[in-house]
Amino acid sequence: MSLGQHLIELRNRLFRAVLAVVIAAVGGWFLTPFVLDSLRQPVAELAKVGGHTAELNFPMITGAFDLKLQIAITIGIVISSPVWLYQIWAFIVPALVRREKQYVWGFLGTAIPLFFAGCYFGWYILPHVVGILGSFVSSQDTSIVDAKAYYDFVIKLIVAVGIAFVLPVFIVLLNFVGVLSASAIIKSWRIAILCILVFCAIVTPSADVISMFLLAVPMVVLYIAACFVAWLHDRRVAKKQAKLDEEYGL
């Protein structure tokens, strides 16, 4: 494909991905009351545990509408993830050979569940993180939490964890198409674990290390699984190549 054709292809893929997000966001608008109630729950727990008043605050008249719109768009991004993940893959496909294109179903079948699992895991540890951070407020004080800032914190946690859970799939994909070898992936384990810990420390900015390790453990397990899958693939390819060399007397 020429550069112009690649740009047209990119435009078409982006349009389809954005359209899917918009359609899903329309449906997500009707789910915003449920999401808002769920977001209030960790803040309400602060009042019970800490013995002080804790509530969400909307400093501007348009704050509630803006927040509902943000929530609807986020729901749209999560629900439409199968579509935009496929569009990312489909844009890469023209550069791959026919055998490599067959990996699409394995990629989608693994990346989509892992993205949802990551989002769920981020949602699961949210009350713990909020509880730890809110525990520093004394019983004589009041926690007036800015709703938009609180939601931005929640989204950073949930969506970032969802994307992080998908990264091992891309590592395996790069191995399958011959960009990364299993030995290179395994040799980089120290750097990978360090990056995982730094990432977990950023998205879970709490004073204790429990919440950080709650997130780091499954990510490390996924990285190890990616290394194992890449090792199995390289071993199979090496055996196949050795068999061919033996047949042709090389």
# chains A, B, ... in the order shown; residues from 1 in each chain; ligands from 1
>>> residues_around(residues="Tyr151 (chain A)", least_positions_apart="6", cutoff="12 Å", atoms="only C-alpha atoms", output="ChimeraX atom specification")
/A:35-36,38-40,43,56-58,63-64,66-71,74,126,130,145,157-159
>>> select_by_dssp(residues="region 69-198 of chain A", states="alpha helix (DSSP H)", output="PyMOL selection string")
chain A and resi 69-79+81-92+98-101+104-134+147-176+182-187+189-198
>>> atom_distance(atom1="CA of Leu197 (chain A)", atom2="CA of Leu85 (chain A)")
25.6 Å
>>> residues_around(residues="Arg190 (chain A)", least_positions_apart="6", cutoff="12 Å", atoms="only C-alpha atoms", output="JSON, numbers by chain")
{"A": [184, 196, 197, 220, 223, 224]}
>>> write_last_selection(atoms="all heavy atoms", output="JSON list (two decimals), in the first residue's frame")
[["chain", "number", "residue", "atom", "x", "y", "z"],
["A", 184, "ALA", "N", 14.81, -12.80, 24.30],
["A", 184, "ALA", "CA", 14.87, -11.36, 24.55],
["A", 184, "ALA", "C", 13.82, -10.94, 25.57],
["A", 184, "ALA", "O", 14.08, -10.08, 26.44],
["A", 184, "ALA", "CB", 14.67, -10.59, 23.25],
["A", 196, "ILE", "N", 6.46, -2.69, 35.86],
["A", 196, "ILE", "CA", 5.16, -3.05, 36.44],
["A", 196, "ILE", "C", 4.99, -2.41, 37.81],
["A", 196, "ILE", "O", 3.93, -1.85, 38.12],
["A", 196, "ILE", "CB", 5.03, -4.58, 36.52],
["A", 196, "ILE", "CG1", 4.86, -5.19, 35.13],
["A", 196, "ILE", "CG2", 3.84, -4.98, 37.41],
["A", 196, "ILE", "CD1", 4.90, -6.70, 35.10],
["A", 197, "LEU", "N", 6.02, -2.47, 38.64],
["A", 197, "LEU", "CA", 5.93, -1.90, 39.98],
["A", 197, "LEU", "C", 5.78, -0.38, 39.92],
["A", 197, "LEU", "O", 5.01, 0.20, 40.70],
["A", 197, "LEU", "CB", 7.17, -2.28, 40.80],
["A", 197, "LEU", "CG", 7.29, -3.77, 41.16],
["A", 197, "LEU", "CD1", 8.61, -4.03, 41.88],
["A", 197, "LEU", "CD2", 6.12, -4.22, 42.02],
["A", 220, "VAL", "N", 2.34, -9.39, 36.91],
["A", 220, "VAL", "CA", 3.55, -10.20, 36.83],
["A", 220, "VAL", "C", 3.21, -11.60, 36.32],
["A", 220, "VAL", "O", 3.94, -12.18, 35.50],
["A", 220, "VAL", "CB", 4.26, -10.27, 38.20],
["A", 220, "VAL", "CG1", 5.39, -11.29, 38.17],
["A", 220, "VAL", "CG2", 4.79, -8.90, 38.59],
["A", 223, "TYR", "N", 2.74, -11.44, 32.66],
["A", 223, "TYR", "CA", 4.03, -11.32, 31.97],
["A", 223, "TYR", "C", 4.72, -12.68, 31.89],
["A", 223, "TYR", "O", 5.28, -13.05, 30.85],
["A", 223, "TYR", "CB", 4.92, -10.31, 32.69],
["A", 223, "TYR", "CG", 6.32, -10.26, 32.14],
["A", 223, "TYR", "CD1", 6.60, -9.63, 30.93],
["A", 223, "TYR", "CD2", 7.38, -10.86, 32.83],
["A", 223, "TYR", "CE1", 7.89, -9.59, 30.42],
["A", 223, "TYR", "CE2", 8.67, -10.83, 32.31],
["A", 223, "TYR", "CZ", 8.91, -10.19, 31.11],
["A", 223, "TYR", "OH", 10.18, -10.16, 30.61],
["A", 224, "ILE", "N", 4.70, -13.43, 33.00],
["A", 224, "ILE", "CA", 5.30, -14.76, 33.00],
["A", 224, "ILE", "C", 4.59, -15.67, 32.00],
["A", 224, "ILE", "O", 5.23, -16.45, 31.28],
["A", 224, "ILE", "CB", 5.25, -15.37, 34.42],
["A", 224, "ILE", "CG1", 6.14, -14.55, 35.36],
["A", 224, "ILE", "CG2", 5.69, -16.83, 34.40],
["A", 224, "ILE", "CD1", 6.04, -14.98, 36.82]]
>>> residues_around(residues="Leu114 (chain A)", least_positions_apart="6", cutoff="9 Å", atoms="only C-alpha atoms", output="MDAnalysis selection string")
chainID A and resid 162:163 165:166 169
>>> select_by_dssp(residues="region 100-220 of chain A", states="strand (DSSP E)", output="number ranges by chain")
A: 143-146
>>> atom_distance(atom1="CA of Ala44 (chain A)", atom2="CA of His128 (chain A)")
12.9 Å
>>> closest_residue(among="A:Ala230, A:Glu55, A:Met219, A:Pro82", to="Gly109 (chain A)", atoms="only C-alpha atoms")
A:Pro82
>>> atom_distance(atom1="CA of Phe91 (chain A)", atom2="CA of Leu10 (chain A)")
6.8 Å
>>> residues_around(residues="Val18 (chain A)", least_positions_apart="6", cutoff="10 Å", atoms="only C-alpha atoms", output="list in words")
Asn12, Ala24, Gly76, Ile77, Ser80, Val83 and Trp84 of chain A
>>> closest_residue(among="A:Ala201, A:Val237, A:Leu108, A:Val161", to="Gly178 (chain A)", atoms="only C-alpha atoms")
A:Val237
>>> closest_residue(among="A:Ala182, A:Val198, A:Ala90, A:Ile193", to="Arg13 (chain A)", atoms="only C-alpha atoms")
A:Ala90
>>> residues_around(residues="Gly27 (chain A)", least_positions_apart="4", cutoff="9 Å", atoms="only C-alpha atoms", output="number ranges by chain")
A: 22-23, 31, 72, 75-76
>>> closest_residue(among="A:Ile88, A:Val229, A:Leu46, A:Ala160", to="Arg11 (chain A)", atoms="only C-alpha atoms")
A:Ile88
>>> closest_residue(among="A:Val217, A:Ile73, A:Cys200, A:Leu180", to="Trp29 (chain A)", atoms="only C-alpha atoms")
A:Ile73
>>> closest_residue(among="A:Lys148, A:Phe30, A:Glu9, A:Gly118", to="Thr62 (chain A)", atoms="only C-alpha atoms")
A:Lys148
>>> decode(residues="region 48-93 of chain A", atoms="N, CA and C atoms", output="PDB file, in the first residue's frame")
ATOM      1  N   LYS A  48     -18.374   6.376  57.354  1.00  0.00           N
ATOM      2  CA  LYS A  48     -18.682   5.346  58.355  1.00  0.00           C
ATOM      3  C   LYS A  48     -17.431   4.919  59.124  1.00  0.00           C
ATOM      4  N   VAL A  49     -16.348   4.712  58.389  1.00  0.00           N
ATOM      5  CA  VAL A  49     -15.126   4.212  59.012  1.00  0.00           C
ATOM      6  C   VAL A  49     -14.369   5.325  59.741  1.00  0.00           C
ATOM      7  N   GLY A  50     -14.267   6.495  59.099  1.00  0.00           N
ATOM      8  CA  GLY A  50     -13.468   7.579  59.666  1.00  0.00           C
ATOM      9  C   GLY A  50     -14.202   8.435  60.679  1.00  0.00           C
ATOM     10  N   GLY A  51     -15.514   8.316  60.734  1.00  0.00           N
ATOM     11  CA  GLY A  51     -16.276   9.105  61.697  1.00  0.00           C
ATOM     12  C   GLY A  51     -16.365  10.569  61.340  1.00  0.00           C
ATOM     13  N   HIS A  52     -16.246  10.910  60.048  1.00  0.00           N
ATOM     14  CA  HIS A  52     -16.367  12.300  59.618  1.00  0.00           C
ATOM     15  C   HIS A  52     -17.234  12.356  58.362  1.00  0.00           C
ATOM     16  N   THR A  53     -17.656  13.553  57.994  1.00  0.00           N
ATOM     17  CA  THR A  53     -18.488  13.740  56.818  1.00  0.00           C
ATOM     18  C   THR A  53     -17.640  13.632  55.548  1.00  0.00           C
ATOM     19  N   ALA A  54     -18.143  12.853  54.584  1.00  0.00           N
ATOM     20  CA  ALA A  54     -17.456  12.697  53.305  1.00  0.00           C
ATOM     21  C   ALA A  54     -18.513  12.662  52.208  1.00  0.00           C
ATOM     22  N   GLU A  55     -18.359  13.531  51.214  1.00  0.00           N
ATOM     23  CA  GLU A  55     -19.345  13.605  50.145  1.00  0.00           C
ATOM     24  C   GLU A  55     -18.722  14.176  48.871  1.00  0.00           C
ATOM     25  N   LEU A  56     -19.350  13.810  47.733  1.00  0.00           N
ATOM     26  CA  LEU A  56     -18.914  14.357  46.450  1.00  0.00           C
ATOM     27  C   LEU A  56     -19.422  15.779  46.292  1.00  0.00           C
ATOM     28  N   ASN A  57     -18.615  16.618  45.649  1.00  0.00           N
ATOM     29  CA  ASN A  57     -18.969  18.021  45.490  1.00  0.00           C
ATOM     30  C   ASN A  57     -18.895  18.408  44.014  1.00  0.00           C
ATOM     31  N   PHE A  58     -19.900  19.166  43.558  1.00  0.00           N
ATOM     32  CA  PHE A  58     -19.927  19.701  42.200  1.00  0.00           C
ATOM     33  C   PHE A  58     -19.779  21.217  42.298  1.00  0.00           C
ATOM     34  N   PRO A  59     -18.577  21.738  42.097  1.00  0.00           N
ATOM     35  CA  PRO A  59     -18.347  23.173  42.308  1.00  0.00           C
ATOM     36  C   PRO A  59     -18.985  24.065  41.249  1.00  0.00           C
ATOM     37  N   MET A  60     -19.299  23.518  40.074  1.00  0.00           N
ATOM     38  CA  MET A  60     -19.905  24.310  39.011  1.00  0.00           C
ATOM     39  C   MET A  60     -21.297  23.790  38.684  1.00  0.00           C
ATOM     40  N   ILE A  61     -22.152  24.654  38.133  1.00  0.00           N
ATOM     41  CA  ILE A  61     -23.528  24.289  37.833  1.00  0.00           C
ATOM     42  C   ILE A  61     -23.600  23.216  36.754  1.00  0.00           C
ATOM     43  N   THR A  62     -22.599  23.207  35.866  1.00  0.00           N
ATOM     44  CA  THR A  62     -22.572  22.206  34.799  1.00  0.00           C
ATOM     45  C   THR A  62     -21.798  20.948  35.194  1.00  0.00           C
ATOM     46  N   GLY A  63     -21.334  20.901  36.425  1.00  0.00           N
ATOM     47  CA  GLY A  63     -20.486  19.794  36.853  1.00  0.00           C
ATOM     48  C   GLY A  63     -21.157  18.440  36.751  1.00  0.00           C
ATOM     49  N   ALA A  64     -22.421  18.358  37.190  1.00  0.00           N
ATOM     50  CA  ALA A  64     -23.123  17.071  37.176  1.00  0.00           C
ATOM     51  C   ALA A  64     -23.322  16.563  35.748  1.00  0.00           C
ATOM     52  N   PHE A  65     -23.693  17.480  34.844  1.00  0.00           N
ATOM     53  CA  PHE A  65     -23.885  17.079  33.441  1.00  0.00           C
ATOM     54  C   PHE A  65     -22.565  16.646  32.819  1.00  0.00           C
ATOM     55  N   ASP A  66     -21.509  17.424  33.068  1.00  0.00           N
ATOM     56  CA  ASP A  66     -20.197  17.083  32.513  1.00  0.00           C
ATOM     57  C   ASP A  66     -19.736  15.709  33.000  1.00  0.00           C
ATOM     58  N   LEU A  67     -19.981  15.434  34.279  1.00  0.00           N
ATOM     59  CA  LEU A  67     -19.561  14.158  34.836  1.00  0.00           C
ATOM     60  C   LEU A  67     -20.340  13.004  34.216  1.00  0.00           C
ATOM     61  N   LYS A  68     -21.653  13.183  34.048  1.00  0.00           N
ATOM     62  CA  LYS A  68     -22.466  12.129  33.427  1.00  0.00           C
ATOM     63  C   LYS A  68     -22.017  11.884  31.991  1.00  0.00           C
ATOM     64  N   LEU A  69     -21.644  12.963  31.290  1.00  0.00           N
ATOM     65  CA  LEU A  69     -21.166  12.815  29.915  1.00  0.00           C
ATOM     66  C   LEU A  69     -19.835  12.056  29.891  1.00  0.00           C
ATOM     67  N   GLN A  70     -18.943  12.377  30.813  1.00  0.00           N
ATOM     68  CA  GLN A  70     -17.670  11.672  30.899  1.00  0.00           C
ATOM     69  C   GLN A  70     -17.885  10.190  31.189  1.00  0.00           C
ATOM     70  N   ILE A  71     -18.800   9.914  32.106  1.00  0.00           N
ATOM     71  CA  ILE A  71     -19.074   8.516  32.451  1.00  0.00           C
ATOM     72  C   ILE A  71     -19.629   7.765  31.249  1.00  0.00           C
ATOM     73  N   ALA A  72     -20.538   8.402  30.508  1.00  0.00           N
ATOM     74  CA  ALA A  72     -21.129   7.763  29.329  1.00  0.00           C
ATOM     75  C   ALA A  72     -20.057   7.455  28.284  1.00  0.00           C
ATOM     76  N   ILE A  73     -19.133   8.392  28.063  1.00  0.00           N
ATOM     77  CA  ILE A  73     -18.062   8.172  27.083  1.00  0.00           C
ATOM     78  C   ILE A  73     -17.145   7.043  27.546  1.00  0.00           C
ATOM     79  N   THR A  74     -16.842   7.012  28.839  1.00  0.00           N
ATOM     80  CA  THR A  74     -15.985   5.949  29.356  1.00  0.00           C
ATOM     81  C   THR A  74     -16.650   4.586  29.202  1.00  0.00           C
ATOM     82  N   ILE A  75     -17.938   4.515  29.514  1.00  0.00           N
ATOM     83  CA  ILE A  75     -18.680   3.267  29.314  1.00  0.00           C
ATOM     84  C   ILE A  75     -18.643   2.872  27.847  1.00  0.00           C
ATOM     85  N   GLY A  76     -18.778   3.877  26.962  1.00  0.00           N
ATOM     86  CA  GLY A  76     -18.712   3.604  25.527  1.00  0.00           C
ATOM     87  C   GLY A  76     -17.371   3.029  25.113  1.00  0.00           C
ATOM     88  N   ILE A  77     -16.283   3.565  25.686  1.00  0.00           N
ATOM     89  CA  ILE A  77     -14.945   3.061  25.363  1.00  0.00           C
ATOM     90  C   ILE A  77     -14.790   1.612  25.816  1.00  0.00           C
ATOM     91  N   VAL A  78     -15.287   1.303  27.013  1.00  0.00           N
ATOM     92  CA  VAL A  78     -15.150  -0.055  27.546  1.00  0.00           C
ATOM     93  C   VAL A  78     -16.008  -1.034  26.762  1.00  0.00           C
ATOM     94  N   ILE A  79     -17.279  -0.668  26.530  1.00  0.00           N
ATOM     95  CA  ILE A  79     -18.191  -1.586  25.844  1.00  0.00           C
ATOM     96  C   ILE A  79     -17.755  -1.823  24.401  1.00  0.00           C
ATOM     97  N   SER A  80     -17.265  -0.783  23.737  1.00  0.00           N
ATOM     98  CA  SER A  80     -16.873  -0.907  22.332  1.00  0.00           C
ATOM     99  C   SER A  80     -15.445  -1.407  22.157  1.00  0.00           C
ATOM    100  N   SER A  81     -14.798  -1.836  23.227  1.00  0.00           N
ATOM    101  CA  SER A  81     -13.409  -2.289  23.133  1.00  0.00           C
ATOM    102  C   SER A  81     -13.199  -3.413  22.116  1.00  0.00           C
ATOM    103  N   PRO A  82     -14.155  -4.360  21.951  1.00  0.00           N
ATOM    104  CA  PRO A  82     -13.933  -5.367  20.894  1.00  0.00           C
ATOM    105  C   PRO A  82     -13.799  -4.745  19.503  1.00  0.00           C
ATOM    106  N   VAL A  83     -14.531  -3.655  19.261  1.00  0.00           N
ATOM    107  CA  VAL A  83     -14.500  -3.021  17.941  1.00  0.00           C
ATOM    108  C   VAL A  83     -13.179  -2.298  17.736  1.00  0.00           C
ATOM    109  N   TRP A  84     -12.787  -1.414  18.684  1.00  0.00           N
ATOM    110  CA  TRP A  84     -11.572  -0.637  18.433  1.00  0.00           C
ATOM    111  C   TRP A  84     -10.307  -1.469  18.576  1.00  0.00           C
ATOM    112  N   LEU A  85     -10.356  -2.557  19.370  1.00  0.00           N
ATOM    113  CA  LEU A  85      -9.208  -3.458  19.394  1.00  0.00           C
ATOM    114  C   LEU A  85      -9.055  -4.162  18.041  1.00  0.00           C
ATOM    115  N   TYR A  86     -10.185  -4.530  17.449  1.00  0.00           N
ATOM    116  CA  TYR A  86     -10.133  -5.151  16.122  1.00  0.00           C
ATOM    117  C   TYR A  86      -9.624  -4.159  15.075  1.00  0.00           C
ATOM    118  N   GLN A  87     -10.046  -2.899  15.164  1.00  0.00           N
ATOM    119  CA  GLN A  87      -9.600  -1.896  14.199  1.00  0.00           C
ATOM    120  C   GLN A  87      -8.088  -1.675  14.292  1.00  0.00           C
ATOM    121  N   ILE A  88      -7.540  -1.722  15.513  1.00  0.00           N
ATOM    122  CA  ILE A  88      -6.090  -1.616  15.670  1.00  0.00           C
ATOM    123  C   ILE A  88      -5.403  -2.771  14.958  1.00  0.00           C
ATOM    124  N   TRP A  89      -5.931  -3.974  15.182  1.00  0.00           N
ATOM    125  CA  TRP A  89      -5.347  -5.142  14.539  1.00  0.00           C
ATOM    126  C   TRP A  89      -5.515  -5.079  13.028  1.00  0.00           C
ATOM    127  N   ALA A  90      -6.704  -4.711  12.565  1.00  0.00           N
ATOM    128  CA  ALA A  90      -6.985  -4.691  11.126  1.00  0.00           C
ATOM    129  C   ALA A  90      -6.096  -3.687  10.400  1.00  0.00           C
ATOM    130  N   PHE A  91      -5.695  -2.611  11.089  1.00  0.00           N
ATOM    131  CA  PHE A  91      -4.800  -1.638  10.454  1.00  0.00           C
ATOM    132  C   PHE A  91      -3.397  -2.228  10.295  1.00  0.00           C
ATOM    133  N   ILE A  92      -3.005  -3.116  11.226  1.00  0.00           N
ATOM    134  CA  ILE A  92      -1.687  -3.735  11.149  1.00  0.00           C
ATOM    135  C   ILE A  92      -1.660  -4.874  10.141  1.00  0.00           C
ATOM    136  N   VAL A  93      -2.804  -5.534   9.953  1.00  0.00           N
ATOM    137  CA  VAL A  93      -2.887  -6.743   9.128  1.00  0.00           C
ATOM    138  C   VAL A  93      -2.278  -6.610   7.728  1.00  0.00           C
TER     139      VAL A  93
END
